[in-house]
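Just input-v1.cif here, mmCIF, C-alpha atoms (C1' of nucleotides):
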```
data_work
loop_
_atom_site.label_atom_id
_atom_site.label_comp_id
_atom_site.auth_asym_id
_atom_site.auth_seq_id
_atom_site.Cartn_x
_atom_site.Cartn_y
_atom_site.Cartn_z
CA MET G 1 84.63 201.03 113.24
CA ASP G 2 87.22 198.35 112.64
CA TYR G 3 87.38 195.83 109.83
CA SER G 4 88.96 192.42 109.48
CA ILE G 5 91.18 191.89 106.47
CA GLY G 6 88.35 190.05 104.72
CA GLU G 7 85.89 192.89 105.22
CA PHE G 8 88.47 195.47 104.30
CA SER G 9 89.32 193.55 101.15
CA LYS G 10 85.68 193.76 100.06
CA LEU G 11 85.42 197.43 100.97
CA THR G 12 88.51 198.42 99.02
CA GLY G 13 88.38 195.95 96.18
CA LEU G 14 91.95 194.88 96.90
CA GLY G 15 92.63 191.19 97.44
CA ILE G 16 93.59 189.89 100.86
CA HIS G 17 96.97 188.84 99.50
CA THR G 18 97.50 192.28 98.07
CA LEU G 19 96.70 193.93 101.39
CA ARG G 20 99.24 191.75 103.16
CA TYR G 21 101.74 192.52 100.42
CA TYR G 22 101.08 196.25 100.86
CA GLU G 23 101.69 195.87 104.55
CA GLN G 24 104.95 194.09 103.89
CA GLU G 25 105.91 197.04 101.71
CA ASN G 26 104.98 199.45 104.49
CA LEU G 27 102.20 201.10 102.52
CA ILE G 28 99.54 200.44 105.13
CA ILE G 29 100.10 198.98 108.58
CA PRO G 30 96.84 198.27 110.38
CA LYS G 31 96.47 197.84 114.12
CA ARG G 32 96.28 194.31 115.52
CA ASN G 33 93.77 192.94 118.04
CA ALA G 34 94.56 190.68 121.00
CA ALA G 35 94.61 187.64 118.71
CA ASN G 36 97.07 189.30 116.32
CA ARG G 37 94.38 189.84 113.67
CA ARG G 38 94.61 192.96 111.50
CA CYS G 39 92.12 195.75 112.37
CA TYR G 40 91.63 198.21 109.55
CA SER G 41 89.92 201.53 110.32
CA ASP G 42 87.76 203.93 108.34
CA SER G 43 90.67 206.23 107.82
CA ASP G 44 92.53 203.29 106.30
CA ILE G 45 89.86 203.22 103.60
CA LYS G 46 90.64 206.79 102.64
CA TRP G 47 94.32 206.08 102.73
CA ILE G 48 93.90 203.06 100.43
CA ASP G 49 91.87 205.21 98.06
CA PHE G 50 94.71 207.65 97.89
CA ILE G 51 97.25 204.88 97.36
CA LYS G 52 95.11 203.64 94.49
CA ARG G 53 95.07 207.10 93.00
CA LEU G 54 98.84 207.29 93.09
CA LYS G 55 99.11 203.81 91.61
CA ASP G 56 96.58 204.50 88.87
CA THR G 57 98.48 207.59 87.85
CA GLY G 58 101.62 205.57 87.38
CA MET G 59 103.50 205.99 90.64
CA PRO G 60 105.54 202.85 91.36
CA ILE G 61 105.08 201.02 94.66
CA LYS G 62 108.54 202.02 95.83
CA GLU G 63 107.69 205.67 95.58
CA ILE G 64 104.31 205.22 97.22
CA LYS G 65 106.18 203.41 99.97
CA GLN G 66 108.44 206.43 100.43
CA TYR G 67 105.42 208.66 100.66
CA ALA G 68 103.77 206.29 103.13
CA GLU G 69 106.85 206.25 105.30
CA LEU G 70 106.97 210.05 105.37
CA ARG G 71 103.29 210.09 106.25
CA ALA G 72 103.92 207.69 109.11
CA MET G 73 106.50 210.12 110.50
CA GLY G 74 103.85 212.79 111.01
CA GLU G 75 103.62 216.53 110.58
CA SER G 76 107.32 217.17 110.25
CA THR G 77 107.26 215.66 106.76
CA LEU G 78 104.36 217.70 105.42
CA TYR G 79 106.54 219.79 103.15
CA GLU G 80 108.42 216.83 101.73
CA ARG G 81 105.19 215.02 100.97
CA MET G 82 103.74 218.08 99.28
CA GLU G 83 106.82 218.32 97.10
CA MET G 84 106.41 214.69 96.08
CA LEU G 85 102.84 215.36 95.07
CA ILE G 86 103.77 218.48 93.14
CA ASN G 87 106.38 216.52 91.21
CA HIS G 88 103.93 213.75 90.59
CA ARG G 89 101.39 216.26 89.35
CA LYS G 90 103.89 217.52 86.81
CA ALA G 91 104.61 214.00 85.57
CA LEU G 92 100.93 213.29 85.37
CA ASN G 93 100.32 216.42 83.35
CA ASN G 94 103.02 215.42 80.87
CA GLN G 95 101.57 211.95 80.68
CA ILE G 96 98.16 213.35 79.80
CA LEU G 97 99.58 215.67 77.14
CA LEU G 98 101.47 212.78 75.58
CA LEU G 99 98.40 210.58 75.55
CA GLN G 100 96.40 213.34 73.89
CA GLU G 101 99.00 213.58 71.16
CA HIS G 102 98.92 209.82 70.72
CA MET G 103 95.16 209.96 70.45
CA SER G 104 95.19 212.52 67.71
CA LYS G 105 97.67 210.40 65.71
CA LEU G 106 95.48 207.41 66.33
CA ASP G 107 92.55 209.38 64.91
CA ASP G 108 94.59 210.10 61.79
CA LYS G 109 95.27 206.41 61.40
CA ILE G 110 91.62 205.54 61.81
CA THR G 111 90.71 208.08 59.15
CA PHE G 112 93.32 206.50 56.91
CA TYR G 113 91.70 203.11 57.43
CA GLN G 114 88.28 204.48 56.60
CA ASN G 115 89.61 205.82 53.31
CA GLU G 116 91.43 202.63 52.52
CA ILE G 117 88.39 200.51 53.15
CA GLU G 118 86.32 202.73 50.92
CA ARG G 119 88.98 202.62 48.21
CA VAL G 120 89.20 198.83 48.35
CA GLN G 121 85.45 198.42 48.19
CA LYS G 122 85.24 200.33 44.92
CA MET L 1 117.61 201.28 52.05
CA ASP L 2 118.19 198.38 54.40
CA TYR L 3 119.50 198.38 57.94
CA SER L 4 121.29 195.81 60.05
CA ILE L 5 119.80 195.14 63.46
CA GLY L 6 122.48 197.35 65.02
CA GLU L 7 121.66 200.30 62.79
CA PHE L 8 117.96 199.76 63.21
CA SER L 9 118.36 199.64 66.96
CA LYS L 10 119.97 203.08 66.90
CA LEU L 11 117.36 204.46 64.52
CA THR L 12 114.43 203.30 66.59
CA GLY L 13 115.86 203.58 70.08
CA LEU L 14 114.90 199.99 70.81
CA GLY L 15 117.60 197.63 72.03
CA ILE L 16 118.85 194.81 69.83
CA HIS L 17 117.52 192.28 72.30
CA THR L 18 114.16 193.97 72.28
CA LEU L 19 114.00 193.86 68.49
CA ARG L 20 114.73 190.15 68.48
CA TYR L 21 112.12 189.70 71.19
CA TYR L 22 109.58 191.62 69.11
CA GLU L 23 110.37 189.37 66.19
CA GLN L 24 109.85 186.32 68.34
CA GLU L 25 106.48 187.77 69.28
CA ASN L 26 105.66 188.33 65.60
CA LEU L 27 105.45 192.09 65.93
CA ILE L 28 108.01 192.78 63.25
CA ILE L 29 109.64 190.22 60.97
CA PRO L 30 112.43 191.70 58.86
CA LYS L 31 113.80 190.20 55.67
CA ARG L 32 117.04 188.21 55.85
CA ASN L 33 120.05 188.50 53.56
CA ALA L 34 122.09 185.64 52.12
CA ALA L 35 124.01 185.32 55.37
CA ASN L 36 120.78 185.09 57.39
CA ARG L 37 121.26 188.60 58.81
CA ARG L 38 118.17 190.71 59.49
CA CYS L 39 117.50 193.49 56.97
CA TYR L 40 115.17 196.15 58.29
CA SER L 41 113.62 198.60 55.82
CA ASP L 42 112.47 202.21 55.98
CA SER L 43 108.88 201.13 56.26
CA ASP L 44 109.88 199.06 59.26
CA ILE L 45 110.84 202.30 60.97
CA LYS L 46 107.33 203.64 60.54
CA TRP L 47 105.89 200.38 61.71
CA ILE L 48 108.03 200.43 64.86
CA ASP L 49 106.91 203.98 65.52
CA PHE L 50 103.32 202.84 65.38
CA ILE L 51 104.03 199.86 67.63
CA LYS L 52 105.57 202.29 70.12
CA ARG L 53 102.49 204.44 69.99
CA LEU L 54 100.27 201.48 70.77
CA LYS L 55 102.58 200.43 73.57
CA ASP L 56 102.79 203.92 75.05
CA THR L 57 99.04 204.15 75.12
CA GLY L 58 98.83 200.99 77.17
CA MET L 59 98.17 198.29 74.61
CA PRO L 60 99.73 195.03 75.82
CA ILE L 61 102.19 193.19 73.58
CA LYS L 62 99.74 190.34 73.01
CA GLU L 63 97.22 192.69 71.48
CA ILE L 64 99.82 194.48 69.37
CA LYS L 65 100.84 191.03 68.21
CA GLN L 66 97.27 190.32 67.13
CA TYR L 67 97.20 193.57 65.21
CA ALA L 68 100.57 192.79 63.63
CA GLU L 69 99.38 189.39 62.54
CA LEU L 70 96.30 190.88 60.91
CA ARG L 71 98.50 193.44 59.20
CA ALA L 72 100.74 190.68 57.88
CA MET L 73 97.68 189.07 56.31
CA GLY L 74 97.13 192.08 54.06
CA GLU L 75 94.18 194.05 52.80
CA SER L 76 91.54 191.54 53.75
CA THR L 77 91.99 192.44 57.40
CA LEU L 78 91.65 196.21 57.01
CA TYR L 79 88.28 196.34 58.65
CA GLU L 80 89.27 194.18 61.60
CA ARG L 81 92.33 196.31 62.22
CA MET L 82 90.31 199.49 62.05
CA GLU L 83 87.92 198.08 64.60
CA MET L 84 90.82 197.31 66.92
CA LEU L 85 92.02 200.87 66.63
CA ILE L 86 88.57 202.29 67.25
CA ASN L 87 88.26 200.20 70.38
CA HIS L 88 91.68 201.23 71.49
CA ARG L 89 90.79 204.85 70.89
CA LYS L 90 87.82 204.47 73.18
CA ALA L 91 89.95 202.92 75.91
CA LEU L 92 92.50 205.65 75.49
CA ASN L 93 89.87 208.33 75.79
CA ASN L 94 88.59 206.79 79.01
CA GLN L 95 92.12 206.54 80.31
CA ILE L 96 92.68 210.25 79.66
CA LEU L 97 89.42 211.22 81.34
CA LEU L 98 90.32 209.13 84.37
CA LEU L 99 93.76 210.66 84.59
CA GLN L 100 92.26 214.13 84.41
CA GLU L 101 89.98 213.30 87.29
CA HIS L 102 92.91 211.95 89.25
CA MET L 103 94.81 215.13 88.56
CA SER L 104 92.07 217.35 89.87
CA LYS L 105 91.91 215.29 93.08
CA LEU L 106 95.65 215.53 93.33
CA ASP L 107 95.35 219.30 93.04
CA ASP L 108 92.88 219.29 95.93
CA LYS L 109 95.34 217.32 98.00
CA ILE L 110 98.17 219.72 97.19
CA THR L 111 95.98 222.65 98.22
CA PHE L 112 95.25 220.81 101.44
CA TYR L 113 98.97 220.44 102.07
CA GLN L 114 99.56 224.11 101.43
CA ASN L 115 96.95 225.01 104.03
CA GLU L 116 98.28 222.51 106.52
CA ILE L 117 101.81 223.77 106.17
CA GLU L 118 100.66 227.33 106.70
CA ARG L 119 98.61 226.30 109.73
CA VAL L 120 101.51 224.44 111.28
CA GLN L 121 103.90 227.33 110.75
CA LYS L 122 101.72 229.70 112.75
"C1'" DA S 1 82.88 169.61 121.62
"C1'" DT S 2 83.45 169.73 116.92
"C1'" DA S 3 83.68 171.33 112.42
"C1'" DC S 4 84.75 174.77 109.35
"C1'" DA S 5 85.71 179.28 107.73
"C1'" DA S 6 88.74 183.14 108.33
"C1'" DT S 7 93.10 184.55 109.64
"C1'" DG S 8 98.23 184.28 110.51
"C1'" DT S 9 103.26 183.60 108.54
"C1'" DA S 10 106.81 182.28 105.26
"C1'" DG S 11 107.98 181.60 101.09
"C1'" DA S 12 107.14 179.97 96.26
"C1'" DG S 13 105.00 180.89 91.76
"C1'" DT S 14 103.08 183.92 87.98
"C1'" DT S 15 102.87 187.32 84.31
"C1'" DC S 16 104.69 190.93 81.66
"C1'" DA S 17 108.15 192.93 79.01
"C1'" DC S 18 112.15 192.93 78.55
"C1'" DT S 19 117.44 192.01 79.15
"C1'" DC S 20 121.30 189.26 79.31
"C1'" DT S 21 124.43 185.05 78.76
"C1'" DA S 22 126.53 181.33 76.38
"C1'" DT S 23 127.99 179.70 72.40
"C1'" DG S 24 128.73 179.76 67.55
"C1'" DT S 25 129.25 181.92 62.65
"C1'" DC S 26 130.98 185.12 59.50
"C1'" DA S 27 132.78 189.42 57.07
"C1'" DA S 28 136.10 193.03 56.97
"C1'" DG S 29 140.23 195.61 58.41
"C1'" DA S 30 145.43 195.46 60.02
"C1'" DT J 1 146.20 185.20 58.18
"C1'" DC J 2 144.50 186.80 62.27
"C1'" DT J 3 141.55 189.10 65.05
"C1'" DT J 4 137.86 191.83 66.18
"C1'" DG J 5 133.21 193.03 66.13
"C1'" DA J 6 128.53 192.44 64.63
"C1'" DC J 7 125.41 189.11 64.10
"C1'" DA J 8 122.88 184.41 64.91
"C1'" DT J 9 120.10 181.16 68.25
"C1'" DA J 10 118.48 179.16 72.58
"C1'" DG J 11 117.55 179.75 76.83
"C1'" DA J 12 118.25 181.87 81.51
"C1'" DG J 13 117.69 185.95 84.48
"C1'" DT J 14 115.41 190.39 86.07
"C1'" DG J 15 112.18 193.56 88.37
"C1'" DA J 16 107.62 194.96 89.22
"C1'" DA J 17 103.42 193.85 91.32
"C1'" DC J 18 101.01 190.83 92.60
"C1'" DT J 19 98.98 185.94 93.64
"C1'" DC J 20 99.06 181.60 95.54
"C1'" DT J 21 100.43 177.50 98.54
"C1'" DA J 22 101.40 175.13 102.75
"C1'" DC J 23 100.64 174.85 107.15
"C1'" DA J 24 99.38 176.55 111.86
"C1'" DT J 25 95.94 179.02 114.76
"C1'" DT J 26 91.68 181.08 116.09
"C1'" DG J 27 86.50 182.56 116.08
"C1'" DT J 28 81.96 181.11 115.32
"C1'" DA J 29 77.98 178.28 114.33
"C1'" DT J 30 75.84 173.66 115.43
#
```
Let me see the file written as structure tokens.
Amino acid sequence: MDYSIGEFSKLTGLGIHTLRYYEQENLIIPKRNAANRRCYSDSDIKWIDFIKRLKDTGMPIKEIKQYAELRAMGESTLYERMEMLINHRKALNNQILLLQEHMSKLDDKITFYQNEIERVQK
Amino acid sequence: MDYSIGEFSKLTGLGIHTLRYYEQENLIIPKRNAANRRCYSDSDIKWIDFIKRLKDTGMPIKEIKQYAELRAMGESTLYERMEMLINHRKALNNQILLLQEHMSKLDDKITFYQNEIERVQK
DNA sequence: ATACAATGTAGAGTTCACTCTATGTCAAGA
DNA sequence: TCTTGACATAGAGTGAACTCTACATTGTAT
């Protein structure tokens, strides 16, 4: 099944402009029909979902672009891509640990506020 | 103890330009000496550390600015500030949960790569 | 056949959070 | 005294990631 850019935009939640921008950046390059219209496929949906995952975990577009370009080169880049993901996993793990630390400090601060408010009310 | 902007920049790890920008945005407004030079205090260091924590947990400058302005108003805004922090804590918690989910999916993908690479090598 | 909605390209504009430049003042060391 | 370096302000520039505009073309419903 193929989708026009408008349909694909609705399916993925990404704006039409964003999809064209992603194409410009080589993240996703859909087929074209006879009239030069973009034809997105079902596998493009999965690919966009993965791109979103990388983005949402803090990978910059440039790096996603690198990954996408390796992917477009086929099987010979499997190892390189895996290495990228392993590195990204490490970064993500650190990010989570840091956020957890921040949260516990934030909890301390909230506790402090609760005490202050009680103190002031007396 | 008071610090010039240069000293304070080194102490906090924030650039001089960034400190002036933060002042412009009302995040931190140091005293001035007779010659109109900024005089940062020890408590300003703690305040910057807290600003950094908010920033690093994804709070946009505009919202930090709101918090800073409440803080500058004194005790009467304690409750409002606490509420902001509680909301932020919630957002942070969601963010962490989401990242953990992303990480587990990333792990699946890495496992997939490992299998693929093995398959291709045979 | 005609209108209109969706699509195409190229390039400009926006927002965020800095970061830097230009220009001027002033205090302290050689 | 001279010069150097840190500081001051105002405003311009940057990079990331969109987002929008202008204008041309095409597909579809009436």
List as a Markdown table every residue of chain L that is in contact with chain S, defined as an atom at most 12 Å from one of its atoms (using only C-alpha atoms (C1' of nucleotides)), together with the nearest atom pair and the distance in Å rounded to one decimal, sorted by chain and then rising number.
```
| residue | atom | partner | partner_atom | distance |
| --- | --- | --- | --- | --- |
| L:Leu14 | CA | S:DC18 | C1' | 10.8 |
| L:Gly15 | CA | S:DT19 | C1' | 9.1 |
| L:Ile16 | CA | S:DT19 | C1' | 9.8 |
| L:His17 | CA | S:DT19 | C1' | 6.9 |
| L:Thr18 | CA | S:DC18 | C1' | 6.7 |
| L:Leu19 | CA | S:DC18 | C1' | 10.3 |
| L:Arg20 | CA | S:DC18 | C1' | 10.8 |
| L:Tyr21 | CA | S:DC18 | C1' | 8.0 |
| L:Tyr22 | CA | S:DC18 | C1' | 9.9 |
| L:Glu25 | CA | S:DA17 | C1' | 11.1 |
| L:Ala34 | CA | S:DC26 | C1' | 11.6 |
| L:Ala35 | CA | S:DC26 | C1' | 8.1 |
| L:Asn36 | CA | S:DC26 | C1' | 10.4 |
| L:Arg37 | CA | S:DC26 | C1' | 10.3 |
| L:Lys55 | CA | S:DA17 | C1' | 10.8 |
| L:Pro60 | CA | S:DC16 | C1' | 8.7 |
| L:Ile61 | CA | S:DA17 | C1' | 8.1 |
| L:Lys62 | CA | S:DC16 | C1' | 10.0 |
```
Exercise for the section: Within 10 Å of chain L, which residues of chain G are there when counting all atoms listed in the file? Please give them as a ChimeraX atom specification. Expected result: /G:50,53-54,56-58,75-79,81-86,88-90,92-93,95-107,109-114,116-117,120
Practice task
Find the distance between atom C1' of J:DG5 and atom CA of L:Asp44 and write it in Å to one decimal.
Solution key: 25.1 Å
Contact check, chain J to chain G, at most 8 Å, counting all atoms listed in the file, closest pairs as a tab-separated table:
```
residue	atom	partner	partner_atom	distance
J:DC18	C1'	G:Thr18	CA	6.7
J:DT19	C1'	G:His17	CA	6.8
J:DT26	C1'	G:Ala35	CA	7.6
```
Using C-alpha atoms (C1' of nucleotides), can you export the residues from the last selection as a PDB file, keeping the file's coordinate frame?
```pdb
ATOM      1  C1'  DC J  18     101.010 190.830  92.600  1.00  0.00           C
ATOM      2  C1'  DT J  19      98.980 185.940  93.640  1.00  0.00           C
ATOM      3  C1'  DT J  26      91.680 181.080 116.090  1.00  0.00           C
TER       4       DT J  26
END
```
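Picture a line from atom CA of L:Asn87 to atom CA of L:Met59; it runs 10.9 Å.
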Exercise for the section: Would you mind reading off the distance between atom CA of G:Ser4 and atom CA of G:Gly74, one decimal, in Å? Expected result: 25.3 Å
Please determine the residues with any atom at most 6 Å from (115.2, 195.8, 57.2) (coordinates as given in the file, with all atoms listed in the file counting) and report them as a PDB file with C-alpha atoms, in the coordinates of the input.
```pdb
ATOM      1  CA  ASP L   2     118.190 198.380  54.400  1.00  0.00           C
ATOM      2  CA  TYR L   3     119.500 198.380  57.940  1.00  0.00           C
ATOM      3  CA  PRO L  30     112.430 191.700  58.860  1.00  0.00           C
ATOM      4  CA  LYS L  31     113.800 190.200  55.670  1.00  0.00           C
ATOM      5  CA  CYS L  39     117.500 193.490  56.970  1.00  0.00           C
ATOM      6  CA  TYR L  40     115.170 196.150  58.290  1.00  0.00           C
ATOM      7  CA  SER L  41     113.620 198.600  55.820  1.00  0.00           C
TER       8      SER L  41
END
```
Write stretch 7-36 of chain G as a PDB file, keeping the file's coordinate frame, completed to N, CA and C atoms.
```pdb
ATOM      1  N   GLU G   7      86.825 191.792 105.427  1.00  0.00           N
ATOM      2  CA  GLU G   7      85.890 192.890 105.220  1.00  0.00           C
ATOM      3  C   GLU G   7      86.555 194.036 104.457  1.00  0.00           C
ATOM      4  N   PHE G   8      87.750 194.344 104.899  1.00  0.00           N
ATOM      5  CA  PHE G   8      88.470 195.470 104.300  1.00  0.00           C
ATOM      6  C   PHE G   8      88.779 195.186 102.821  1.00  0.00           C
ATOM      7  N   SER G   9      89.067 193.948 102.531  1.00  0.00           N
ATOM      8  CA  SER G   9      89.320 193.550 101.150  1.00  0.00           C
ATOM      9  C   SER G   9      88.091 193.842 100.289  1.00  0.00           C
ATOM     10  N   LYS G  10      86.910 193.499 100.818  1.00  0.00           N
ATOM     11  CA  LYS G  10      85.680 193.760 100.060  1.00  0.00           C
ATOM     12  C   LYS G  10      85.421 195.252  99.917  1.00  0.00           C
ATOM     13  N   LEU G  11      85.661 195.981 100.993  1.00  0.00           N
ATOM     14  CA  LEU G  11      85.420 197.430 100.970  1.00  0.00           C
ATOM     15  C   LEU G  11      86.318 198.159  99.976  1.00  0.00           C
ATOM     16  N   THR G  12      87.546 197.694  99.862  1.00  0.00           N
ATOM     17  CA  THR G  12      88.510 198.420  99.020  1.00  0.00           C
ATOM     18  C   THR G  12      88.658 197.833  97.626  1.00  0.00           C
ATOM     19  N   GLY G  13      88.201 196.594  97.473  1.00  0.00           N
ATOM     20  CA  GLY G  13      88.380 195.950  96.180  1.00  0.00           C
ATOM     21  C   GLY G  13      89.781 195.383  95.973  1.00  0.00           C
ATOM     22  N   LEU G  14      90.603 195.479  96.995  1.00  0.00           N
ATOM     23  CA  LEU G  14      91.950 194.880  96.900  1.00  0.00           C
ATOM     24  C   LEU G  14      91.905 193.483  97.514  1.00  0.00           C
ATOM     25  N   GLY G  15      92.616 192.547  96.908  1.00  0.00           N
ATOM     26  CA  GLY G  15      92.630 191.190  97.440  1.00  0.00           C
ATOM     27  C   GLY G  15      93.318 191.124  98.795  1.00  0.00           C
ATOM     28  N   ILE G  16      92.973 190.106  99.550  1.00  0.00           N
ATOM     29  CA  ILE G  16      93.590 189.890 100.860  1.00  0.00           C
ATOM     30  C   ILE G  16      95.105 189.780 100.728  1.00  0.00           C
ATOM     31  N   HIS G  17      95.524 189.034  99.718  1.00  0.00           N
ATOM     32  CA  HIS G  17      96.970 188.840  99.500  1.00  0.00           C
ATOM     33  C   HIS G  17      97.650 190.160  99.197  1.00  0.00           C
ATOM     34  N   THR G  18      96.937 190.977  98.431  1.00  0.00           N
ATOM     35  CA  THR G  18      97.500 192.280  98.070  1.00  0.00           C
ATOM     36  C   THR G  18      97.632 193.170  99.298  1.00  0.00           C
ATOM     37  N   LEU G  19      96.639 193.124 100.167  1.00  0.00           N
ATOM     38  CA  LEU G  19      96.700 193.930 101.390  1.00  0.00           C
ATOM     39  C   LEU G  19      97.886 193.513 102.270  1.00  0.00           C
ATOM     40  N   ARG G  20      98.092 192.214 102.364  1.00  0.00           N
ATOM     41  CA  ARG G  20      99.240 191.750 103.160  1.00  0.00           C
ATOM     42  C   ARG G  20     100.551 192.155 102.486  1.00  0.00           C
ATOM     43  N   TYR G  21     100.545 192.080 101.177  1.00  0.00           N
ATOM     44  CA  TYR G  21     101.740 192.520 100.420  1.00  0.00           C
ATOM     45  C   TYR G  21     101.983 194.015 100.642  1.00  0.00           C
ATOM     46  N   TYR G  22     100.936 194.812 100.619  1.00  0.00           N
ATOM     47  CA  TYR G  22     101.080 196.250 100.860  1.00  0.00           C
ATOM     48  C   TYR G  22     101.614 196.520 102.263  1.00  0.00           C
ATOM     49  N   GLU G  23     101.193 195.698 103.190  1.00  0.00           N
ATOM     50  CA  GLU G  23     101.690 195.870 104.550  1.00  0.00           C
ATOM     51  C   GLU G  23     103.179 195.547 104.628  1.00  0.00           C
ATOM     52  N   GLN G  24     103.545 194.477 103.961  1.00  0.00           N
ATOM     53  CA  GLN G  24     104.950 194.090 103.890  1.00  0.00           C
ATOM     54  C   GLN G  24     105.799 195.214 103.312  1.00  0.00           C
ATOM     55  N   GLU G  25     105.216 195.922 102.366  1.00  0.00           N
ATOM     56  CA  GLU G  25     105.910 197.040 101.710  1.00  0.00           C
ATOM     57  C   GLU G  25     105.731 198.347 102.471  1.00  0.00           C
ATOM     58  N   ASN G  26     105.156 198.256 103.642  1.00  0.00           N
ATOM     59  CA  ASN G  26     104.980 199.450 104.490  1.00  0.00           C
ATOM     60  C   ASN G  26     104.009 200.496 103.949  1.00  0.00           C
ATOM     61  N   LEU G  27     103.150 200.117 103.048  1.00  0.00           N
ATOM     62  CA  LEU G  27     102.200 201.100 102.520  1.00  0.00           C
ATOM     63  C   LEU G  27     101.095 201.359 103.529  1.00  0.00           C
ATOM     64  N   ILE G  28     100.626 200.299 104.148  1.00  0.00           N
ATOM     65  CA  ILE G  28      99.540 200.440 105.130  1.00  0.00           C
ATOM     66  C   ILE G  28      99.740 199.409 106.231  1.00  0.00           C
ATOM     67  N   ILE G  29      99.815 199.875 107.458  1.00  0.00           N
ATOM     68  CA  ILE G  29     100.100 198.980 108.580  1.00  0.00           C
ATOM     69  C   ILE G  29      98.982 199.093 109.592  1.00  0.00           C
ATOM     70  N   PRO G  30      98.001 198.190 109.498  1.00  0.00           N
ATOM     71  CA  PRO G  30      96.840 198.270 110.380  1.00  0.00           C
ATOM     72  C   PRO G  30      97.191 197.879 111.814  1.00  0.00           C
ATOM     73  N   LYS G  31      96.356 198.290 112.735  1.00  0.00           N
ATOM     74  CA  LYS G  31      96.470 197.840 114.120  1.00  0.00           C
ATOM     75  C   LYS G  31      96.231 196.331 114.171  1.00  0.00           C
ATOM     76  N   ARG G  32      96.566 195.729 115.321  1.00  0.00           N
ATOM     77  CA  ARG G  32      96.280 194.310 115.520  1.00  0.00           C
ATOM     78  C   ARG G  32      95.424 194.177 116.782  1.00  0.00           C
ATOM     79  N   ASN G  33      94.545 193.191 116.818  1.00  0.00           N
ATOM     80  CA  ASN G  33      93.770 192.940 118.040  1.00  0.00           C
ATOM     81  C   ASN G  33      94.527 191.957 118.942  1.00  0.00           C
ATOM     82  N   ALA G  34      93.894 191.559 120.039  1.00  0.00           N
ATOM     83  CA  ALA G  34      94.560 190.680 121.000  1.00  0.00           C
ATOM     84  C   ALA G  34      95.031 189.375 120.355  1.00  0.00           C
ATOM     85  N   ALA G  35      94.257 188.911 119.360  1.00  0.00           N
ATOM     86  CA  ALA G  35      94.610 187.640 118.710  1.00  0.00           C
ATOM     87  C   ALA G  35      95.507 187.835 117.497  1.00  0.00           C
ATOM     88  N   ASN G  36      96.120 189.012 117.408  1.00  0.00           N
ATOM     89  CA  ASN G  36      97.070 189.300 116.320  1.00  0.00           C
ATOM     90  C   ASN G  36      96.409 189.488 114.955  1.00  0.00           C
TER      91      ASN G  36
END
```
